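Q: Okay, here's the structure, questions in a sec.
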Amino acid sequence: MKPDIAISLEHIDIIYRARTHAVGDARDSGPARAGDYHAVSQATLSVKAGEFVSIVGPTGCGKSTLLNAASGLLQPSNGDVSIFGATLTGLNAQAGYLFQQDALMPWKTALENVAIGLEVAGIDTATARDKAEHWLAQVGLQGFGARYPHQMSGGQRKRVGLAQVLIRNPAILLMDEPFGPLDAQTRQIMGNLLLTLWAQERKAVLFVTHDLEEAIALSDRVVIMSSGPKSTIIGDYRIDLARPRDAMDVRLDPGFHAIHRAIWDQLRGEVMKAYQGVSA
Amino acid sequence: MSVSKRTLLALQILVAVVALGIWHIGSSVPIFGVYFLPKFFFSTPWDVAARIVKLFSGKLIWKHLGITLTETLLAFVIGAGGGVLVGFWFARRPLVNAVFDPYVKMANALPRVVLAPIFMLWLGLGIWSKVALGVTLVFFIVFFNVYQGVKDVSQTVLSNARMLGMTEQQQFRHVYWPSALSWMFSSLHTSVGFALVGAVVGEYLGSAAGLGYMIHEAEGVFDTTGVFAGMVILAAFVLIVDAIVTAIENRLLVWRPDAAGRNA
């Protein structure tokens, strides 16, 4: 079919069902009921192999929901998800997922956290630990292997998370506002680290953020989502800034400003709508 | 508010000295011709100390301590093991939990001391009736904590584990188990304490050996000194067990922020 398309989301609908009270009812189905929430409606998006695509939208617009559909953690109510041309059933085994919240296992050291992805795949502990050392060095954390997550800063934990995902060499990277909780400087440093690692082995990246500047600085394409409910994709912008980029310096580029203005003109309306929806 | 370790220790010793002083004066110095703490009811610190020394110079006390320790350990191991298994089972099977919930609450609400005579009837006067009493106390503490621990697993950590390619079994080993274990250990002090309570109360109500039996025997002949000596030994025993538990906890829970803080 289209094996050069890493992620293809077609006419995705995601409806959160009103809670049922039956015990052990894992999957709700059947006709729509009062209280259902129609989060995403008819969203279509594709990411080519090696392409870096960001989804930007106002808070609560279903960006993360869409990402979860691509990961297989969430099954869309309607529509098709295919990964490298094959329809996705169950979890997306070709994707690595970087979460917004702390996702490291707090009872494992940094090294153990990074090595675990290989160990559960049946690779022997010594080899897995060697590779984990290598990946910790790649994310700038050489010598931090023995630390537990609570002994590290937020930025360091994100670096461990990145190493944990990349050690499995996934063809697709899904990132859900991964640098959201970090301070502005650390975000930019992490952005640069991500670009450096991405340049080495171009993986398809789907990056969710509410920060338009971050999205433009990192991506090949920026996709805009409308405010919820029934949010969908309303804009798709190609970012033709030269690579390799520096995530900090690129913000000073005149081209950056032109793109930023064009996208912001559209995004602004959605942000205001979302804001009014919340305050009403 | 912060006090140096040495000052703190000095203050703690001061409390003991004052308490012992009041006890000594009340029981051995007549004030206006009256003993405020008559020897018959309160004994004296010196008599109690002398009795403890005498007890430890004999062999019998070690047998009593050994019996109580055995009962405590057995009650803890069996109760904790059962609590972990059932806690996991209930947490992973909502239907089972929903069906048994009222019965669990009922059993937990029951004052366990009333079960002691039944256990003696069923299991005799040996150690097993005491172990059974301890088990009923330990089981519920561990059960509730493990259940909470499994339910409390961060959804993000779990999703991450799944995306990292873990099978059900691997999630159990690397996510659910450590989380439940950390909750179990946070209740370790309480559950070991309750195992001991079960053992001593059981011995007190009917047995031929153990610290509870020793105290009960002394009470039977109005030997106040013997009762106090037994209580002091019991308290020291609890402190030692608690110190061992703290050491185990610090070793196993190094990854937790508060445990590490205590080490520093």
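Ligands are numbered from 1 in the order shown, residues from 1 within each chain, and chains are lettered A, B, ... in the order they appear in the structure tokens.
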Once you count only C-alpha atoms, which residues of chain A turn out to be within 6 Å of chain B? Could you give them as a compact mmCIF listing (two decimals) with C-alpha atoms, in the first residue's frame?
A:
# COMPACT_ATOMS: atom_id res chain seq x y z
CA ALA A 103 6.71 7.63 33.25
CA TRP A 107 11.93 1.74 41.81
CA GLY A 117 13.08 -2.14 27.10
CA TYR A 148 16.96 6.82 41.10
Q: Write out as number ranges by chain the residues lying within 8 Å of stretch 184-199 of chain B, counting only C-alpha atoms and excluding same-chain residues fewer than 4 positions away.
A: B: 68-69, 71-73, 75-76, 130-131, 133-135, 137-138, 141-142, 145-146, 149, 180, 203, 212, 238, 242, 245-246, 249
Q: Do a neighbour search on A:Ala43 at 7 Å with only C-alpha atoms, toss out local chain neighbours closer than 4 positions, and write the hits as an mmCIF file with N, CA and C atoms, in the first residue's frame.
A:
data_model
loop_
_atom_site.group_PDB
_atom_site.id
_atom_site.type_symbol
_atom_site.label_atom_id
_atom_site.label_comp_id
_atom_site.auth_asym_id
_atom_site.auth_seq_id
_atom_site.Cartn_x
_atom_site.Cartn_y
_atom_site.Cartn_z
ATOM 1 N N GLU A 10 -6.952 8.153 9.450
ATOM 2 C CA GLU A 10 -7.977 8.544 8.482
ATOM 3 C C GLU A 10 -9.351 8.628 9.108
ATOM 4 N N HIS A 11 -9.949 9.809 9.015
ATOM 5 C CA HIS A 11 -11.317 10.053 9.508
ATOM 6 C C HIS A 11 -11.512 9.522 10.922
ATOM 7 N N ILE A 12 -10.618 9.938 11.797
ATOM 8 C CA ILE A 12 -10.673 9.431 13.172
ATOM 9 C C ILE A 12 -11.744 10.160 13.977
ATOM 10 N N ASP A 13 -12.598 9.370 14.636
ATOM 11 C CA ASP A 13 -13.557 9.909 15.606
ATOM 12 C C ASP A 13 -13.226 9.294 16.953
ATOM 13 N N THR A 232 -10.934 18.922 15.155
ATOM 14 C CA THR A 232 -10.384 18.252 13.981
ATOM 15 C C THR A 232 -9.214 19.063 13.462
ATOM 16 N N ILE A 233 -8.562 18.568 12.416
ATOM 17 C CA ILE A 233 -7.387 19.265 11.918
ATOM 18 C C ILE A 233 -7.815 20.351 10.944
#
Q: Write down as a PyMOL selection string the residues of stretch 14-255 of chain A whose backbone DSSP state falls under helix (DSSP H, G or I).
A: chain A and resi 63-71+110-119+125-138+149-151+154-166+184-200+212-218+249-252+254-255
Q: Hey, can you check how far atom CA of B:Ile67 sits from atom CA of B:Gly210?
A: 5.3 Å
Q: Point out the residue among A:Ser231, A:Thr196, A:Thr109, A:Gln266 with the least atom-to-atom distance to A:Thr44, counting only C-alpha atoms.
A: A:Ser231
Q: Neighbours of B:Thr44 within 10 Å (only C-alpha atoms; same-chain residues fewer than 4 positions away dropped), as a PDB file with N, CA and C atoms, in the first residue's frame?
A:
ATOM      1  N   LEU B  20      11.586   7.311  86.168  1.00  0.00           N
ATOM      2  CA  LEU B  20      12.098   6.311  87.106  1.00  0.00           C
ATOM      3  C   LEU B  20      12.234   6.915  88.501  1.00  0.00           C
ATOM      4  N   TRP B  23       8.887   7.085  90.167  1.00  0.00           N
ATOM      5  CA  TRP B  23       8.524   5.717  90.542  1.00  0.00           C
ATOM      6  C   TRP B  23       9.286   5.295  91.814  1.00  0.00           C
ATOM      7  N   HIS B  24      10.609   5.581  91.833  1.00  0.00           N
ATOM      8  CA  HIS B  24      11.449   5.173  92.954  1.00  0.00           C
ATOM      9  C   HIS B  24      11.006   5.874  94.231  1.00  0.00           C
ATOM     10  N   ILE B  25      10.822   7.204  94.158  1.00  0.00           N
ATOM     11  CA  ILE B  25      10.465   7.967  95.363  1.00  0.00           C
ATOM     12  C   ILE B  25       9.081   7.554  95.853  1.00  0.00           C
ATOM     13  N   GLY B  26       8.140   7.433  94.911  1.00  0.00           N
ATOM     14  CA  GLY B  26       6.767   7.067  95.289  1.00  0.00           C
ATOM     15  C   GLY B  26       6.699   5.706  95.965  1.00  0.00           C
ATOM     16  N   SER B  27       7.574   4.784  95.556  1.00  0.00           N
ATOM     17  CA  SER B  27       7.459   3.435  96.083  1.00  0.00           C
ATOM     18  C   SER B  27       8.383   3.163  97.278  1.00  0.00           C
ATOM     19  N   SER B  28       9.470   3.967  97.450  1.00  0.00           N
ATOM     20  CA  SER B  28      10.402   3.639  98.534  1.00  0.00           C
ATOM     21  C   SER B  28      10.561   4.737  99.586  1.00  0.00           C
ATOM     22  N   LEU B  37       3.099   5.232  95.865  1.00  0.00           N
ATOM     23  CA  LEU B  37       3.009   4.087  94.945  1.00  0.00           C
ATOM     24  C   LEU B  37       3.369   2.837  95.750  1.00  0.00           C
ATOM     25  N   PRO B  38       2.383   2.250  96.433  1.00  0.00           N
ATOM     26  CA  PRO B  38       2.699   1.117  97.311  1.00  0.00           C
ATOM     27  C   PRO B  38       3.411   0.001  96.548  1.00  0.00           C
ATOM     28  N   LYS B  39       4.377  -0.607  97.211  1.00  0.00           N
ATOM     29  CA  LYS B  39       5.179  -1.658  96.584  1.00  0.00           C
ATOM     30  C   LYS B  39       4.325  -2.804  96.061  1.00  0.00           C
ATOM     31  N   PHE B  40       3.280  -3.125  96.797  1.00  0.00           N
ATOM     32  CA  PHE B  40       2.472  -4.282  96.410  1.00  0.00           C
ATOM     33  C   PHE B  40       1.861  -4.091  95.015  1.00  0.00           C
ATOM     34  N   VAL B  48      12.563  -4.511  90.013  1.00  0.00           N
ATOM     35  CA  VAL B  48      12.296  -4.941  88.635  1.00  0.00           C
ATOM     36  C   VAL B  48      13.606  -5.206  87.905  1.00  0.00           C
ATOM     37  N   ALA B  49      14.578  -4.277  88.080  1.00  0.00           N
ATOM     38  CA  ALA B  49      15.881  -4.444  87.425  1.00  0.00           C
ATOM     39  C   ALA B  49      16.547  -5.721  87.904  1.00  0.00           C
ATOM     40  N   ALA B  50      16.513  -5.938  89.227  1.00  0.00           N
ATOM     41  CA  ALA B  50      17.145  -7.138  89.788  1.00  0.00           C
ATOM     42  C   ALA B  50      16.485  -8.396  89.235  1.00  0.00           C
ATOM     43  N   THR B 224       3.839  -8.493  91.363  1.00  0.00           N
ATOM     44  CA  THR B 224       3.899  -7.265  90.566  1.00  0.00           C
ATOM     45  C   THR B 224       5.266  -7.090  89.912  1.00  0.00           C
ATOM     46  N   THR B 225       6.309  -7.396  90.662  1.00  0.00           N
ATOM     47  CA  THR B 225       7.668  -7.272  90.116  1.00  0.00           C
ATOM     48  C   THR B 225       7.808  -8.108  88.843  1.00  0.00           C
ATOM     49  N   PHE B 228       5.935  -6.414  85.918  1.00  0.00           N
ATOM     50  CA  PHE B 228       6.685  -5.278  85.364  1.00  0.00           C
ATOM     51  C   PHE B 228       7.936  -5.737  84.618  1.00  0.00           C
TER      52      PHE B 228
END
Q: When DSSP works through the backbone of this structure, what residues of stretch 22-258 of chain A end up as strand (DSSP E), shown as an MDAnalysis selection string?
A: chainID A and resid 37:48 52:56 78:83 86:87 95:98 172:176 204:209 221:225 233:238
Q: Near stretch 162-174 of chain A, counting only C-alpha atoms, which residues have an atom at most 6 Å away, once you skip same-chain residues fewer than 3 positions from it, shown as number ranges by chain?
A: A: 94-97, 114, 135, 159, 203-206
